[in-house]
>>> print(open('query05.txt').read())   # compact mmCIF, N, CA and C atoms
# COMPACT_ATOMS: atom_id res chain seq x y z
N MET A 1 0.82 -1.18 0.00
CA MET A 1 0.00 0.00 0.00
C MET A 1 0.88 1.26 0.00
N ALA A 2 1.94 1.25 0.77
CA ALA A 2 2.84 2.39 0.82
C ALA A 2 3.46 2.63 -0.55
N PHE A 3 3.75 1.54 -1.30
CA PHE A 3 4.32 1.66 -2.63
C PHE A 3 3.35 2.38 -3.57
N LEU A 4 2.06 2.04 -3.52
CA LEU A 4 1.06 2.70 -4.36
C LEU A 4 0.94 4.18 -4.01
N LEU A 5 0.95 4.48 -2.73
CA LEU A 5 0.88 5.87 -2.29
C LEU A 5 2.10 6.65 -2.79
N LEU A 6 3.27 6.05 -2.77
CA LEU A 6 4.48 6.69 -3.27
C LEU A 6 4.36 6.96 -4.77
N LEU A 7 3.82 6.02 -5.54
CA LEU A 7 3.63 6.21 -6.97
C LEU A 7 2.69 7.38 -7.26
N ILE A 8 1.62 7.48 -6.49
CA ILE A 8 0.65 8.56 -6.70
C ILE A 8 1.27 9.91 -6.39
N VAL A 9 2.00 10.01 -5.30
CA VAL A 9 2.61 11.27 -4.90
C VAL A 9 3.72 11.67 -5.86
N ALA A 10 4.49 10.71 -6.36
CA ALA A 10 5.62 11.01 -7.23
C ALA A 10 5.22 11.24 -8.68
N ALA A 11 4.02 10.87 -9.04
CA ALA A 11 3.58 11.04 -10.43
C ALA A 11 3.50 12.51 -10.79
N PRO A 12 3.89 12.87 -12.03
CA PRO A 12 3.79 14.27 -12.43
C PRO A 12 2.34 14.70 -12.51
N PRO A 13 2.06 15.96 -12.19
CA PRO A 13 0.68 16.43 -12.23
C PRO A 13 0.15 16.43 -13.66
N VAL A 14 -1.12 16.16 -13.78
CA VAL A 14 -1.76 16.21 -15.09
C VAL A 14 -2.09 17.66 -15.38
N SER A 15 -1.60 18.14 -16.51
CA SER A 15 -1.83 19.55 -16.83
C SER A 15 -3.20 19.74 -17.44
N ALA A 16 -3.78 20.88 -17.16
CA ALA A 16 -5.08 21.22 -17.72
C ALA A 16 -4.90 21.56 -19.20
N ASP A 17 -6.01 21.61 -19.91
CA ASP A 17 -5.94 22.00 -21.32
C ASP A 17 -5.28 23.35 -21.44
N GLN A 18 -4.47 23.50 -22.47
CA GLN A 18 -3.79 24.77 -22.68
C GLN A 18 -4.78 25.81 -23.18
N ASP A 19 -4.52 27.06 -22.81
CA ASP A 19 -5.34 28.16 -23.30
C ASP A 19 -5.13 28.33 -24.79
N ASN A 20 -6.13 28.88 -25.46
CA ASN A 20 -6.02 29.22 -26.88
C ASN A 20 -5.33 30.57 -26.94
N VAL A 21 -4.09 30.60 -27.39
CA VAL A 21 -3.25 31.80 -27.34
C VAL A 21 -3.01 32.35 -28.74
N ARG A 22 -3.07 33.67 -28.86
CA ARG A 22 -2.71 34.38 -30.09
C ARG A 22 -1.66 35.41 -29.74
N CYS A 23 -0.65 35.53 -30.60
CA CYS A 23 0.37 36.56 -30.46
C CYS A 23 0.05 37.65 -31.48
N LEU A 24 0.09 38.89 -31.03
CA LEU A 24 -0.26 40.01 -31.91
C LEU A 24 0.75 41.13 -31.72
N ARG A 25 0.92 41.94 -32.79
CA ARG A 25 1.80 43.12 -32.72
C ARG A 25 1.03 44.31 -33.25
N SER A 26 1.37 45.48 -32.73
CA SER A 26 0.66 46.70 -33.10
C SER A 26 1.02 47.15 -34.51
N VAL A 27 0.14 47.96 -35.07
CA VAL A 27 0.34 48.54 -36.40
C VAL A 27 0.38 50.05 -36.22
N GLY A 28 1.46 50.69 -36.70
CA GLY A 28 1.56 52.14 -36.66
C GLY A 28 1.91 52.74 -35.32
N GLU A 29 2.39 51.95 -34.40
CA GLU A 29 2.77 52.46 -33.08
C GLU A 29 4.28 52.44 -32.94
N ASN A 30 4.82 53.49 -32.33
CA ASN A 30 6.23 53.55 -32.04
C ASN A 30 6.39 53.94 -30.59
N PRO A 31 6.87 53.09 -29.71
CA PRO A 31 7.45 51.79 -30.00
C PRO A 31 6.36 50.74 -30.29
N LEU A 32 6.78 49.67 -30.92
CA LEU A 32 5.92 48.55 -31.25
C LEU A 32 5.36 47.92 -29.97
N LEU A 33 4.07 47.61 -29.97
CA LEU A 33 3.45 46.91 -28.84
C LEU A 33 3.22 45.47 -29.24
N ARG A 34 3.50 44.57 -28.32
CA ARG A 34 3.25 43.15 -28.56
C ARG A 34 2.39 42.62 -27.42
N ILE A 35 1.38 41.83 -27.79
CA ILE A 35 0.50 41.26 -26.77
C ILE A 35 0.28 39.78 -27.02
N GLN A 36 0.02 39.11 -25.92
CA GLN A 36 -0.42 37.71 -25.96
C GLN A 36 -1.87 37.73 -25.50
N PHE A 37 -2.78 37.30 -26.36
CA PHE A 37 -4.20 37.23 -26.04
C PHE A 37 -4.55 35.77 -25.83
N GLY A 38 -5.09 35.45 -24.68
CA GLY A 38 -5.40 34.06 -24.37
C GLY A 38 -6.83 33.86 -23.94
N LEU A 39 -7.49 32.91 -24.56
CA LEU A 39 -8.83 32.50 -24.15
C LEU A 39 -8.66 31.36 -23.16
N LYS A 40 -9.23 31.49 -21.99
CA LYS A 40 -9.08 30.47 -20.95
C LYS A 40 -9.74 29.17 -21.40
N SER A 41 -9.02 28.07 -21.25
CA SER A 41 -9.54 26.78 -21.69
C SER A 41 -10.67 26.28 -20.80
N ASP A 42 -10.75 26.78 -19.57
CA ASP A 42 -11.76 26.29 -18.63
C ASP A 42 -12.99 27.20 -18.55
N SER A 43 -13.09 28.20 -19.45
CA SER A 43 -14.21 29.13 -19.38
C SER A 43 -14.50 29.73 -20.75
N ASP A 44 -15.78 29.93 -21.04
CA ASP A 44 -16.17 30.58 -22.29
C ASP A 44 -16.24 32.09 -22.14
N SER A 45 -16.14 32.59 -20.91
CA SER A 45 -16.36 34.02 -20.71
C SER A 45 -15.18 34.74 -20.06
N SER A 46 -14.02 34.11 -20.00
CA SER A 46 -12.87 34.81 -19.44
C SER A 46 -11.64 34.60 -20.33
N ALA A 47 -10.83 35.63 -20.36
CA ALA A 47 -9.61 35.63 -21.17
C ALA A 47 -8.59 36.51 -20.46
N TYR A 48 -7.47 36.72 -21.10
CA TYR A 48 -6.46 37.62 -20.55
C TYR A 48 -5.66 38.20 -21.70
N VAL A 49 -4.97 39.29 -21.42
CA VAL A 49 -4.02 39.86 -22.36
C VAL A 49 -2.75 40.14 -21.57
N LEU A 50 -1.62 39.81 -22.18
CA LEU A 50 -0.32 40.01 -21.55
C LEU A 50 0.53 40.83 -22.51
N TYR A 51 0.94 42.01 -22.06
CA TYR A 51 1.79 42.87 -22.88
C TYR A 51 3.25 42.49 -22.69
N GLN A 52 4.03 42.53 -23.76
CA GLN A 52 5.46 42.25 -23.67
C GLN A 52 6.07 43.22 -22.66
N GLY A 53 6.83 42.69 -21.72
CA GLY A 53 7.51 43.50 -20.72
C GLY A 53 6.65 43.85 -19.51
N SER A 54 5.39 43.42 -19.48
CA SER A 54 4.54 43.74 -18.33
C SER A 54 4.77 42.76 -17.19
N ARG A 55 4.27 43.11 -16.04
CA ARG A 55 4.46 42.27 -14.85
C ARG A 55 3.56 41.04 -14.85
N GLY A 56 2.40 41.15 -15.47
CA GLY A 56 1.48 40.03 -15.45
C GLY A 56 0.30 40.27 -16.37
N PRO A 57 -0.53 39.26 -16.53
CA PRO A 57 -1.66 39.38 -17.44
C PRO A 57 -2.77 40.27 -16.89
N ILE A 58 -3.52 40.87 -17.80
CA ILE A 58 -4.70 41.66 -17.45
C ILE A 58 -5.91 40.76 -17.70
N PRO A 59 -6.72 40.50 -16.66
CA PRO A 59 -7.89 39.64 -16.87
C PRO A 59 -8.95 40.36 -17.69
N LEU A 60 -9.64 39.58 -18.53
CA LEU A 60 -10.70 40.11 -19.37
C LEU A 60 -11.97 39.31 -19.14
N LYS A 61 -13.10 40.00 -19.31
CA LYS A 61 -14.41 39.36 -19.21
C LYS A 61 -15.16 39.58 -20.51
N LEU A 62 -15.82 38.55 -20.99
CA LEU A 62 -16.58 38.65 -22.22
C LEU A 62 -17.71 39.65 -22.07
N LEU A 63 -17.77 40.62 -22.98
CA LEU A 63 -18.83 41.62 -22.97
C LEU A 63 -19.96 41.20 -23.89
N LYS A 64 -19.62 40.88 -25.17
CA LYS A 64 -20.65 40.40 -26.08
C LYS A 64 -20.03 39.82 -27.34
N VAL A 65 -20.83 38.97 -27.99
CA VAL A 65 -20.46 38.36 -29.27
C VAL A 65 -21.61 38.64 -30.24
N THR A 66 -21.27 39.18 -31.40
CA THR A 66 -22.28 39.53 -32.40
C THR A 66 -21.95 38.82 -33.71
N GLU A 67 -22.93 38.14 -34.26
CA GLU A 67 -22.75 37.52 -35.58
C GLU A 67 -22.90 38.61 -36.62
N LEU A 68 -21.84 38.88 -37.37
CA LEU A 68 -21.85 39.94 -38.38
C LEU A 68 -22.37 39.45 -39.72
N ARG A 69 -21.99 38.23 -40.07
CA ARG A 69 -22.36 37.72 -41.38
C ARG A 69 -22.45 36.21 -41.31
N ARG A 70 -23.60 35.68 -41.72
CA ARG A 70 -23.78 34.24 -41.76
C ARG A 70 -23.27 33.73 -43.11
N VAL A 71 -22.43 32.73 -43.06
CA VAL A 71 -21.85 32.17 -44.27
C VAL A 71 -22.39 30.76 -44.45
N TYR A 72 -22.88 30.48 -45.62
CA TYR A 72 -23.45 29.16 -45.90
C TYR A 72 -22.44 28.27 -46.61
N GLY A 73 -22.79 27.03 -46.77
CA GLY A 73 -21.92 26.10 -47.47
C GLY A 73 -20.88 25.46 -46.58
N GLY A 74 -21.13 25.41 -45.28
CA GLY A 74 -20.21 24.75 -44.36
C GLY A 74 -19.09 25.61 -43.82
N ARG A 75 -19.01 26.87 -44.27
CA ARG A 75 -17.96 27.76 -43.76
C ARG A 75 -18.44 28.45 -42.49
N PRO A 76 -17.52 28.81 -41.59
CA PRO A 76 -17.93 29.48 -40.35
C PRO A 76 -18.41 30.91 -40.60
N SER A 77 -19.36 31.34 -39.79
CA SER A 77 -19.86 32.72 -39.87
C SER A 77 -18.81 33.68 -39.35
N GLU A 78 -19.00 34.97 -39.62
CA GLU A 78 -18.10 36.01 -39.15
C GLU A 78 -18.69 36.63 -37.89
N PHE A 79 -17.85 36.78 -36.85
CA PHE A 79 -18.30 37.30 -35.56
C PHE A 79 -17.45 38.48 -35.12
N GLU A 80 -18.06 39.35 -34.32
CA GLU A 80 -17.33 40.39 -33.60
C GLU A 80 -17.44 40.05 -32.12
N THR A 81 -16.30 40.00 -31.45
CA THR A 81 -16.26 39.66 -30.02
C THR A 81 -15.64 40.81 -29.26
N GLN A 82 -16.27 41.19 -28.14
CA GLN A 82 -15.78 42.29 -27.31
C GLN A 82 -15.48 41.78 -25.91
N TRP A 83 -14.30 42.18 -25.41
CA TRP A 83 -13.85 41.84 -24.07
C TRP A 83 -13.56 43.13 -23.33
N VAL A 84 -13.81 43.17 -22.03
CA VAL A 84 -13.51 44.34 -21.22
C VAL A 84 -12.52 43.94 -20.13
N GLU A 85 -11.59 44.86 -19.84
CA GLU A 85 -10.61 44.62 -18.79
C GLU A 85 -11.32 44.60 -17.44
N THR A 86 -10.93 43.69 -16.58
CA THR A 86 -11.55 43.60 -15.25
C THR A 86 -10.53 43.98 -14.18
N THR A 87 -9.97 45.16 -14.34
CA THR A 87 -9.00 45.66 -13.37
C THR A 87 -9.70 46.59 -12.38
N ALA A 88 -9.02 46.88 -11.30
CA ALA A 88 -9.60 47.75 -10.27
C ALA A 88 -9.58 49.22 -10.68
N THR A 89 -8.80 49.56 -11.70
CA THR A 89 -8.70 50.96 -12.10
C THR A 89 -9.86 51.34 -13.02
N PRO A 90 -10.29 52.60 -12.95
CA PRO A 90 -11.40 53.04 -13.80
C PRO A 90 -10.98 53.30 -15.25
N THR A 91 -9.74 53.02 -15.60
CA THR A 91 -9.26 53.28 -16.97
C THR A 91 -9.37 52.04 -17.85
N ALA A 92 -10.22 51.11 -17.47
CA ALA A 92 -10.35 49.86 -18.22
C ALA A 92 -10.75 50.13 -19.66
N GLY A 93 -10.17 49.34 -20.54
CA GLY A 93 -10.47 49.46 -21.96
C GLY A 93 -11.14 48.20 -22.48
N ARG A 94 -11.37 48.20 -23.80
CA ARG A 94 -12.01 47.06 -24.45
C ARG A 94 -11.12 46.51 -25.56
N TYR A 95 -11.18 45.23 -25.74
CA TYR A 95 -10.52 44.55 -26.84
C TYR A 95 -11.63 44.03 -27.75
N VAL A 96 -11.55 44.38 -29.04
CA VAL A 96 -12.59 44.01 -29.99
C VAL A 96 -11.90 43.35 -31.18
N TYR A 97 -12.41 42.19 -31.58
CA TYR A 97 -11.87 41.57 -32.78
C TYR A 97 -12.99 40.92 -33.58
N THR A 98 -12.75 40.84 -34.89
CA THR A 98 -13.65 40.11 -35.77
C THR A 98 -12.90 38.88 -36.25
N ASN A 99 -13.63 37.79 -36.33
CA ASN A 99 -13.03 36.55 -36.79
C ASN A 99 -14.02 35.73 -37.59
N GLN A 100 -13.47 34.91 -38.46
CA GLN A 100 -14.23 33.90 -39.18
C GLN A 100 -13.49 32.60 -38.96
N GLY A 101 -14.01 31.77 -38.09
CA GLY A 101 -13.29 30.57 -37.67
C GLY A 101 -12.04 30.96 -36.91
N ALA A 102 -10.92 30.36 -37.23
CA ALA A 102 -9.66 30.65 -36.55
C ALA A 102 -8.97 31.91 -37.06
N LEU A 103 -9.44 32.46 -38.17
CA LEU A 103 -8.82 33.64 -38.78
C LEU A 103 -9.33 34.93 -38.13
N ILE A 104 -8.41 35.71 -37.54
CA ILE A 104 -8.77 37.01 -36.97
C ILE A 104 -8.55 38.07 -38.05
N ASP A 105 -9.65 38.73 -38.43
CA ASP A 105 -9.59 39.75 -39.48
C ASP A 105 -9.14 41.10 -38.95
N ASP A 106 -9.56 41.45 -37.75
CA ASP A 106 -9.28 42.76 -37.18
C ASP A 106 -9.21 42.61 -35.67
N PHE A 107 -8.19 43.20 -35.04
CA PHE A 107 -8.04 43.14 -33.59
C PHE A 107 -7.63 44.53 -33.13
N GLN A 108 -8.37 45.08 -32.16
CA GLN A 108 -8.04 46.41 -31.68
C GLN A 108 -8.30 46.55 -30.19
N TYR A 109 -7.54 47.45 -29.59
CA TYR A 109 -7.74 47.83 -28.20
C TYR A 109 -8.28 49.25 -28.21
N ILE A 110 -9.38 49.47 -27.51
CA ILE A 110 -10.00 50.79 -27.43
C ILE A 110 -9.90 51.27 -25.99
N ARG A 111 -9.06 52.29 -25.80
CA ARG A 111 -8.92 52.87 -24.46
C ARG A 111 -10.18 53.62 -24.07
N LYS A 112 -10.33 53.85 -22.79
CA LYS A 112 -11.51 54.56 -22.29
C LYS A 112 -11.62 55.96 -22.88
N ASP A 113 -10.48 56.59 -23.23
CA ASP A 113 -10.51 57.93 -23.83
C ASP A 113 -10.82 57.89 -25.32
N GLY A 114 -11.02 56.69 -25.88
CA GLY A 114 -11.39 56.55 -27.28
C GLY A 114 -10.25 56.25 -28.23
N ARG A 115 -9.02 56.34 -27.77
CA ARG A 115 -7.88 56.03 -28.64
C ARG A 115 -7.88 54.55 -29.00
N ILE A 116 -7.64 54.27 -30.28
CA ILE A 116 -7.68 52.91 -30.78
C ILE A 116 -6.28 52.46 -31.19
N PHE A 117 -5.91 51.28 -30.73
CA PHE A 117 -4.65 50.63 -31.10
C PHE A 117 -5.01 49.40 -31.92
N ARG A 118 -4.46 49.29 -33.12
CA ARG A 118 -4.74 48.14 -33.99
C ARG A 118 -3.60 47.13 -33.91
N PHE A 119 -3.97 45.87 -34.00
CA PHE A 119 -3.00 44.77 -33.91
C PHE A 119 -3.23 43.79 -35.05
N VAL A 120 -2.14 43.11 -35.44
CA VAL A 120 -2.21 42.05 -36.45
C VAL A 120 -1.57 40.80 -35.86
N ASP A 121 -1.93 39.68 -36.45
CA ASP A 121 -1.42 38.39 -36.01
C ASP A 121 0.10 38.34 -36.15
N ASP A 122 0.77 37.77 -35.15
CA ASP A 122 2.23 37.62 -35.14
C ASP A 122 2.55 36.18 -34.76
N SER A 123 2.00 35.24 -35.55
CA SER A 123 2.08 33.83 -35.21
C SER A 123 3.50 33.26 -35.24
N ASP A 124 4.44 33.96 -35.86
CA ASP A 124 5.82 33.47 -35.92
C ASP A 124 6.47 33.35 -34.53
N VAL A 125 5.94 34.09 -33.55
CA VAL A 125 6.55 34.05 -32.22
C VAL A 125 5.82 33.11 -31.26
N LEU A 126 4.77 32.45 -31.74
CA LEU A 126 4.03 31.49 -30.90
C LEU A 126 4.87 30.23 -30.74
N ASP A 127 5.13 29.86 -29.48
CA ASP A 127 5.96 28.70 -29.19
C ASP A 127 5.40 27.99 -27.95
N ALA A 128 4.94 26.78 -28.15
CA ALA A 128 4.44 25.95 -27.04
C ALA A 128 3.37 26.65 -26.22
N GLY A 129 2.43 27.29 -26.88
CA GLY A 129 1.29 27.90 -26.18
C GLY A 129 1.57 29.24 -25.55
N GLN A 130 2.68 29.88 -25.90
CA GLN A 130 2.95 31.23 -25.39
C GLN A 130 3.77 32.00 -26.42
N CYS A 131 3.77 33.31 -26.27
CA CYS A 131 4.50 34.17 -27.19
C CYS A 131 5.95 34.28 -26.71
N SER A 132 6.88 33.97 -27.58
CA SER A 132 8.32 34.06 -27.27
C SER A 132 8.90 35.25 -28.00
N TRP A 133 8.90 36.38 -27.31
CA TRP A 133 9.39 37.61 -27.91
C TRP A 133 10.89 37.78 -27.65
N ALA A 134 11.56 38.31 -28.64
CA ALA A 134 12.96 38.69 -28.45
C ALA A 134 12.99 39.93 -27.55
N ALA A 135 14.08 40.14 -26.88
CA ALA A 135 14.21 41.31 -26.01
C ALA A 135 14.06 42.57 -26.85
N PRO A 136 13.31 43.57 -26.34
CA PRO A 136 13.12 44.82 -27.12
C PRO A 136 14.38 45.62 -27.27
>>> encode(input="query05.txt", output="structure tokens")
Amino acid sequence: MAFLLLLIVAAPPVSADQDNVRCLRSVGENPLLRIQFGLKSDSDSSAYVLYQGSRGPIPLKLLKVTELRRVYGGRPSEFETQWVETTATPTAGRYVYTNQGALIDDFQYIRKDGRIFRFVDDSDVLDAGQCSWAAP
């Protein structure tokens, strides 16, 4: 019995499903902004964004999903998804993207003051479920 208990304790932990992660870089910003956007694998309504060089991720909550265009013939419809930052500060912004299946057509961050930051896919830096950025 002690042997079985030892096997259970020594066994490596089973990891949970990995988050669905996208690496993105800003367009037209100097300096360049890089973010890791992750949809939590254990929830349909929570996500996070991690900026390159930041201390930690910013939690996001699903605000709404809107079907923009229904596509027939077995192809996925086009959707707009909005996420809001769930930080304690009143300067929370929104992340809005449109997608058709796995393809993200447009991704933007809208600050509370209305300034918009646009991002494009940067899949070349995706490595083992996280963004591997070179030092700035």
>>> residues_around(input="query05.txt", residues="stretch 77-91 of chain A", least_positions_apart="2", cutoff="6 Å", atoms="all atoms listed in the file", output="PyMOL selection string")
chain A and resi 58-71+75+93-101+112
>>> select_by_dssp(input="query05.txt", residues="stretch 58-131 of chain A", states="strand (DSSP E or B)", output="MDAnalysis selection string")
chainID A and resid 58:69 78:85 94:100 103:110 116:121 126:127 130:131
>>> residues_around(input="query05.txt", residues="A:Pro57", least_positions_apart="6", cutoff="8 Å", atoms="only N, CA and C atoms", output="short mmCIF file (atom, residue, chain, number, x, y, z; two decimals) with N, CA and C atoms, keeping the file's coordinate frame")
data_model
loop_
_atom_site.label_atom_id
_atom_site.label_comp_id
_atom_site.auth_asym_id
_atom_site.auth_seq_id
_atom_site.Cartn_x
_atom_site.Cartn_y
_atom_site.Cartn_z
N ALA A 47 -10.83 35.63 -20.36
CA ALA A 47 -9.61 35.63 -21.17
C ALA A 47 -8.59 36.51 -20.46
N TYR A 48 -7.47 36.72 -21.10
CA TYR A 48 -6.46 37.62 -20.55
C TYR A 48 -5.66 38.20 -21.70
N VAL A 49 -4.97 39.29 -21.42
CA VAL A 49 -4.02 39.86 -22.36
C VAL A 49 -2.75 40.14 -21.57
N LEU A 50 -1.62 39.81 -22.18
CA LEU A 50 -0.32 40.01 -21.55
C LEU A 50 0.53 40.83 -22.51
N TYR A 51 0.94 42.01 -22.06
CA TYR A 51 1.79 42.87 -22.88
C TYR A 51 3.25 42.49 -22.69
#
>>> atom_distance(input="query05.txt", atom1="atom C of A:Tyr109", atom2="atom CA of A:Leu24")
12.8 Å
>>> atom_distance(input="query05.txt", atom1="atom N of A:Asp122", atom2="atom CA of A:Asn30")
17.0 Å
>>> atom_distance(input="query05.txt", atom1="atom CA of A:Ile110", atom2="atom CA of A:Gly38")
17.6 Å
